[in-house]
>>> print(open('upload39.csv').read())   # CSV, C-alpha atoms
chain,number,residue,atom,x,y,z
G,121,MET,CA,-1.4,-9.8,26.7
G,122,SER,CA,1.1,-7.4,28.1
G,123,PHE,CA,4.3,-6.2,26.5
G,124,LYS,CA,7.6,-5.5,28.1
G,125,PHE,CA,8.0,-2.2,26.2
G,126,ALA,CA,5.6,0.7,25.6
G,127,PRO,CA,4.1,0.8,22.2
G,128,VAL,CA,6.1,2.5,19.5
G,129,ILE,CA,2.9,4.3,18.4
G,130,PRO,CA,0.3,4.6,21.2
G,131,ALA,CA,-3.1,3.1,20.4
G,132,GLY,CA,-5.5,5.8,19.3
G,133,SER,CA,-2.8,8.0,17.7
G,134,LEU,CA,-4.2,7.5,14.2
G,135,CYS,CA,-7.9,7.1,14.7
G,136,ALA,CA,-8.1,10.2,16.8
G,137,ALA,CA,-8.1,12.2,13.6
G,138,VAL,CA,-9.5,11.7,10.1
G,139,GLN,CA,-7.3,9.9,7.7
G,140,PRO,CA,-5.1,12.7,6.1
G,141,SER,CA,-4.6,13.6,2.5
G,142,LEU,CA,-0.8,13.6,1.7
G,143,PRO,CA,0.7,15.7,-1.1
G,144,SER,CA,3.8,14.5,-2.8
G,145,LYS,CA,7.0,16.7,-2.5
G,146,ASP,CA,6.7,17.7,-6.2
G,147,GLY,CA,3.1,18.8,-5.6
G,148,GLU,CA,1.8,16.8,-8.6
G,149,LEU,CA,0.1,14.0,-6.6
G,150,VAL,CA,-2.2,13.8,-3.7
G,151,LEU,CA,-2.8,10.7,-1.6
G,152,ARG,CA,-6.4,10.9,-0.3
G,153,PRO,CA,-8.7,8.5,1.4
G,154,TRP,CA,-10.9,6.4,-0.9
G,155,ALA,CA,-14.5,7.6,-1.4
G,156,GLU,CA,-17.6,5.6,-2.2
G,157,ASP,CA,-17.7,7.5,-5.6
G,158,ASP,CA,-14.4,5.7,-6.5
G,159,ALA,CA,-16.0,2.3,-6.7
G,160,ALA,CA,-16.0,2.2,-10.5
G,161,VAL,CA,-12.3,3.1,-10.6
G,162,VAL,CA,-11.5,0.4,-8.1
G,163,LEU,CA,-13.5,-2.2,-10.0
G,164,SER,CA,-11.8,-1.3,-13.3
G,165,ALA,CA,-8.3,-1.5,-11.6
G,166,TYR,CA,-8.9,-5.1,-10.5
G,167,GLU,CA,-10.1,-5.9,-14.1
G,168,ASP,CA,-6.7,-4.8,-15.5
G,169,PRO,CA,-4.6,-7.9,-16.5
G,170,VAL,CA,-1.4,-6.5,-14.9
G,171,ILE,CA,-3.0,-5.8,-11.6
G,172,ARG,CA,-4.8,-9.1,-11.7
G,173,ARG,CA,-1.5,-10.9,-12.4
G,174,TRP,CA,0.2,-9.6,-9.3
G,175,HIS,CA,-2.7,-9.4,-6.8
G,176,SER,CA,-4.7,-12.2,-5.4
G,177,ARG,CA,-7.7,-10.0,-4.7
G,178,HIS,CA,-10.3,-9.8,-7.5
G,179,LEU,CA,-13.6,-7.9,-7.4
G,180,ALA,CA,-16.6,-9.0,-9.4
G,181,SER,CA,-19.0,-6.1,-8.9
G,182,LEU,CA,-19.5,-2.4,-8.0
G,183,GLU,CA,-21.0,-3.6,-4.7
G,184,GLU,CA,-17.8,-5.5,-3.9
G,185,ALA,CA,-15.8,-2.4,-4.8
G,186,ARG,CA,-17.9,-0.3,-2.5
G,187,GLU,CA,-17.5,-2.9,0.3
G,188,ARG,CA,-13.7,-2.8,-0.3
G,189,ILE,CA,-13.8,1.0,0.1
G,190,ALA,CA,-15.9,0.7,3.3
G,191,ALA,CA,-13.3,-1.8,4.6
G,192,HIS,CA,-10.6,0.8,4.1
G,193,GLY,CA,-12.4,3.2,6.3
G,194,ARG,CA,-12.8,0.6,9.0
G,195,GLY,CA,-9.1,-0.3,8.7
G,196,TRP,CA,-8.2,3.3,9.6
G,197,ARG,CA,-10.7,3.6,12.5
G,198,GLU,CA,-9.5,0.3,13.9
G,199,GLU,CA,-5.8,1.2,13.3
G,200,ARG,CA,-5.2,-2.1,11.3
G,201,ALA,CA,-4.6,-0.7,7.8
G,202,ALA,CA,-4.7,2.5,5.8
G,203,GLU,CA,-5.4,2.9,2.1
G,204,TRP,CA,-5.2,5.9,-0.2
G,205,ALA,CA,-6.2,6.7,-3.7
G,206,VAL,CA,-3.3,8.3,-5.6
G,207,THR,CA,-4.6,11.2,-7.5
G,208,GLU,CA,-3.5,14.1,-9.7
G,209,ALA,CA,-3.2,17.2,-7.6
G,210,VAL,CA,-4.9,19.2,-10.4
G,211,GLY,CA,-8.2,17.7,-11.4
G,212,GLY,CA,-8.1,14.9,-8.9
G,213,GLU,CA,-8.0,12.0,-11.4
G,214,VAL,CA,-7.3,8.7,-9.7
G,215,LEU,CA,-4.0,7.2,-10.9
G,216,GLY,CA,-3.5,4.3,-8.5
G,217,ARG,CA,-3.4,3.1,-4.9
G,218,VAL,CA,-0.9,3.1,-2.1
G,219,ALA,CA,-1.5,1.4,1.3
G,220,LEU,CA,-0.3,0.3,4.6
G,221,ARG,CA,-1.8,-3.2,4.2
G,222,TRP,CA,-1.3,-4.0,7.8
G,223,MET,CA,0.0,-2.0,10.8
G,224,ASP,CA,1.4,-3.1,14.1
G,225,LEU,CA,1.5,0.0,16.2
G,226,GLN,CA,2.9,-1.9,19.2
G,227,ARG,CA,6.0,-2.7,17.3
G,228,GLY,CA,6.0,0.2,14.9
G,229,LEU,CA,5.8,-2.0,11.8
G,230,ALA,CA,3.7,-1.8,8.7
G,231,GLU,CA,3.6,-3.4,5.2
G,232,CYS,CA,3.2,-1.2,2.1
G,233,ALA,CA,1.5,-2.0,-1.2
G,234,TYR,CA,0.6,-0.2,-4.4
G,235,TRP,CA,-0.7,-0.4,-7.9
G,236,VAL,CA,-1.0,2.1,-10.8
G,237,LEU,CA,-3.8,2.2,-13.4
G,238,PRO,CA,-2.7,1.5,-17.0
G,239,HIS,CA,-2.9,5.1,-18.3
G,240,ALA,CA,-0.6,6.4,-15.5
G,241,ARG,CA,2.2,3.8,-15.7
G,242,GLY,CA,5.7,4.8,-16.7
G,243,LYS,CA,5.3,8.3,-15.2
G,244,GLY,CA,6.9,7.8,-11.8
G,245,VAL,CA,3.5,7.7,-10.0
G,246,ALA,CA,4.2,4.6,-7.9
G,247,PRO,CA,7.6,5.6,-6.6
G,248,ARG,CA,6.5,9.1,-5.8
G,249,ALA,CA,3.3,7.9,-4.0
G,250,LEU,CA,5.3,5.2,-2.1
G,251,THR,CA,7.9,7.8,-1.0
G,252,THR,CA,5.1,10.2,0.1
G,253,LEU,CA,3.5,7.4,2.2
G,254,ALA,CA,6.8,6.2,3.6
G,255,ASP,CA,8.0,9.7,4.6
G,256,TRP,CA,4.7,10.4,6.4
G,257,ALA,CA,4.6,7.0,8.1
G,258,LEU,CA,8.2,7.1,9.3
G,259,ASP,CA,8.7,10.8,10.0
G,260,GLU,CA,5.3,12.0,11.1
G,261,VAL,CA,3.5,9.0,12.5
G,262,GLY,CA,6.6,7.3,14.0
G,263,PHE,CA,6.7,3.9,12.5
G,264,HIS,CA,10.1,2.3,12.9
G,265,ARG,CA,10.0,0.0,9.9
G,266,LEU,CA,8.1,-0.4,6.7
G,267,GLU,CA,8.4,-3.4,4.4
G,268,LEU,CA,6.9,-4.6,1.2
G,269,VAL,CA,7.0,-7.8,-0.8
G,270,HIS,CA,6.5,-8.5,-4.4
G,271,SER,CA,6.9,-11.5,-6.8
G,272,ASP,CA,10.5,-12.0,-7.9
G,273,ARG,CA,9.1,-12.0,-11.4
G,274,ASN,CA,7.7,-8.4,-11.0
G,275,GLU,CA,10.7,-6.3,-12.1
G,276,ALA,CA,8.6,-3.1,-12.2
G,277,SER,CA,7.6,-3.4,-8.6
G,278,CYS,CA,11.2,-4.0,-7.6
G,279,GLN,CA,12.2,-0.8,-9.4
G,280,VAL,CA,9.5,1.1,-7.6
G,281,ALA,CA,10.6,-0.2,-4.2
G,282,THR,CA,14.3,0.7,-4.9
G,283,LYS,CA,13.4,4.2,-6.1
G,284,ALA,CA,11.4,4.8,-3.0
G,285,GLY,CA,14.3,4.0,-0.7
G,286,PHE,CA,13.3,0.4,0.2
G,287,ALA,CA,16.4,-1.7,0.4
G,288,GLY,CA,16.3,-5.3,-0.9
G,289,GLU,CA,16.6,-7.6,2.1
G,290,GLY,CA,16.1,-11.1,0.8
G,291,VAL,CA,13.8,-13.7,-0.8
G,292,ARG,CA,10.8,-15.5,0.9
G,293,ARG,CA,10.8,-18.7,-1.1
G,294,SER,CA,7.5,-20.0,-2.5
G,295,ALA,CA,5.7,-17.6,-0.3
G,296,HIS,CA,2.7,-16.4,-2.4
G,297,LEU,CA,0.2,-18.2,-4.7
G,298,HIS,CA,-0.4,-16.4,-8.0
G,299,GLY,CA,-2.6,-17.5,-10.9
G,300,ASP,CA,0.4,-19.4,-12.4
G,301,GLY,CA,1.6,-21.1,-9.2
G,302,TRP,CA,3.8,-20.3,-6.2
G,303,HIS,CA,6.1,-17.4,-6.5
G,304,ASP,CA,9.2,-16.5,-4.5
G,305,MET,CA,8.8,-13.0,-3.0
G,306,HIS,CA,11.4,-10.3,-2.7
G,307,LEU,CA,11.4,-8.5,0.6
G,308,HIS,CA,12.3,-4.8,0.9
G,309,GLY,CA,12.5,-2.7,3.9
G,310,ARG,CA,12.9,1.0,4.9
G,311,VAL,CA,13.5,2.1,8.5
G,312,GLN,CA,13.7,5.4,10.3
G,313,GLY,CA,16.9,7.1,9.3
G,314,ASP,CA,17.2,5.6,5.8
G,315,SER,CA,17.6,8.3,3.2
>>> encode(input="upload39.csv", output="structure tokens")
Amino acid sequence: MSFKFAPVIPAGSLCAAVQPSLPSKDGELVLRPWAEDDAAVVLSAYEDPVIRRWHSRHLASLEEARERIAAHGRGWREERAAEWAVTEAVGGEVLGRVALRWMDLQRGLAECAYWVLPHARGKGVAPRALTTLADWALDEVGFHRLELVHSDRNEASCQVATKAGFAGEGVRRSAHLHGDGWHDMHLHGRVQGDS
């Protein structure tokens, strides 16, 4: 299939280099690619009741967690997705996850996602990590638009999106199946030039 316009981000732009580690502006966090040694942390995250409530993905074993981490690496190499562990800059403890769940380089679009482990909640980890990711994706890589969706019942996620500069844009009605049924999803977006 051919397109009328040149790609916003040329194919090969990302995978030509290793996935970068990204420091937060305050220097307290580092977003780094997931490593196989993180499998136990990933498994424990998906056992957390809050993460399980808002995410449809569940992992049942360390092997599944390792496969998930391997899939993150393939996503980067294939320029389909990119996932980072959110860590403390000093000590390297994993605090959460931030991701470009899917990327469309042709159109310069991507969808963001995040979660934070229980012990790190309430400390501004998610908005700082999401801001770090968004600044890199928009300003350095050249994406034109980033978006994210969350359940309309997930007030904490709405606050994270707003703090990271993602404007509320509307509601996708009955768009995602959760454990307790279909949820409306809030849509947020951030585009190049948003402050």
>>> residues_around(input="upload39.csv", residues="Val128 in chain G", least_positions_apart="3", cutoff="9 Å", atoms="only C-alpha atoms", output="VMD selection string")
chain G and resid 125 225 to 229 262 to 264
>>> residues_around(input="upload39.csv", residues="range 165-175 of chain G", least_positions_apart="2", cutoff="8 Å", atoms="only C-alpha atoms", output="PyMOL selection string")
chain G and resi 161-163+177-179+235+237-238+271+274+298-299
>>> atom_distance(input="upload39.csv", atom1="CA of Lys283 in chain G", atom2="CA of Asp314 in chain G")
12.6 Å
>>> residues_around(input="upload39.csv", residues="Gly195 in chain G", least_positions_apart="2", cutoff="12 Å", atoms="all atoms listed in the file", output="ChimeraX atom specification")
/G:134-135,139,153-154,188-193,197-204,219-223
>>> closest_residue(input="upload39.csv", among="G:Ser181, G:Gln279, G:Thr252, G:Thr207", to="Ser144 in chain G", atoms="all atoms listed in the file")
G:Thr252
>>> atom_distance(input="upload39.csv", atom1="CA of Leu268 in chain G", atom2="CA of Asp224 in chain G")
14.1 Å
>>> closest_residue(input="upload39.csv", among="G:Arg248, G:His308, G:Arg241, G:Arg217", to="Lys145 in chain G", atoms="only C-alpha atoms")
G:Arg248
>>> closest_residue(input="upload39.csv", among="G:Leu258, G:Ala209, G:Leu307, G:Ile129", to="Gly290 in chain G", atoms="all atoms listed in the file")
G:Leu307
>>> closest_residue(input="upload39.csv", among="G:Ala136, G:Leu182, G:Val291, G:Val311", to="Asp255 in chain G", atoms="only C-alpha atoms")
G:Val311
>>> closest_residue(input="upload39.csv", among="G:Gly244, G:Phe286, G:Arg265, G:Ser294", to="Asp146 in chain G", atoms="only C-alpha atoms")
G:Gly244
>>> atom_distance(input="upload39.csv", atom1="CA of Cys278 in chain G", atom2="CA of Cys232 in chain G")
12.9 Å
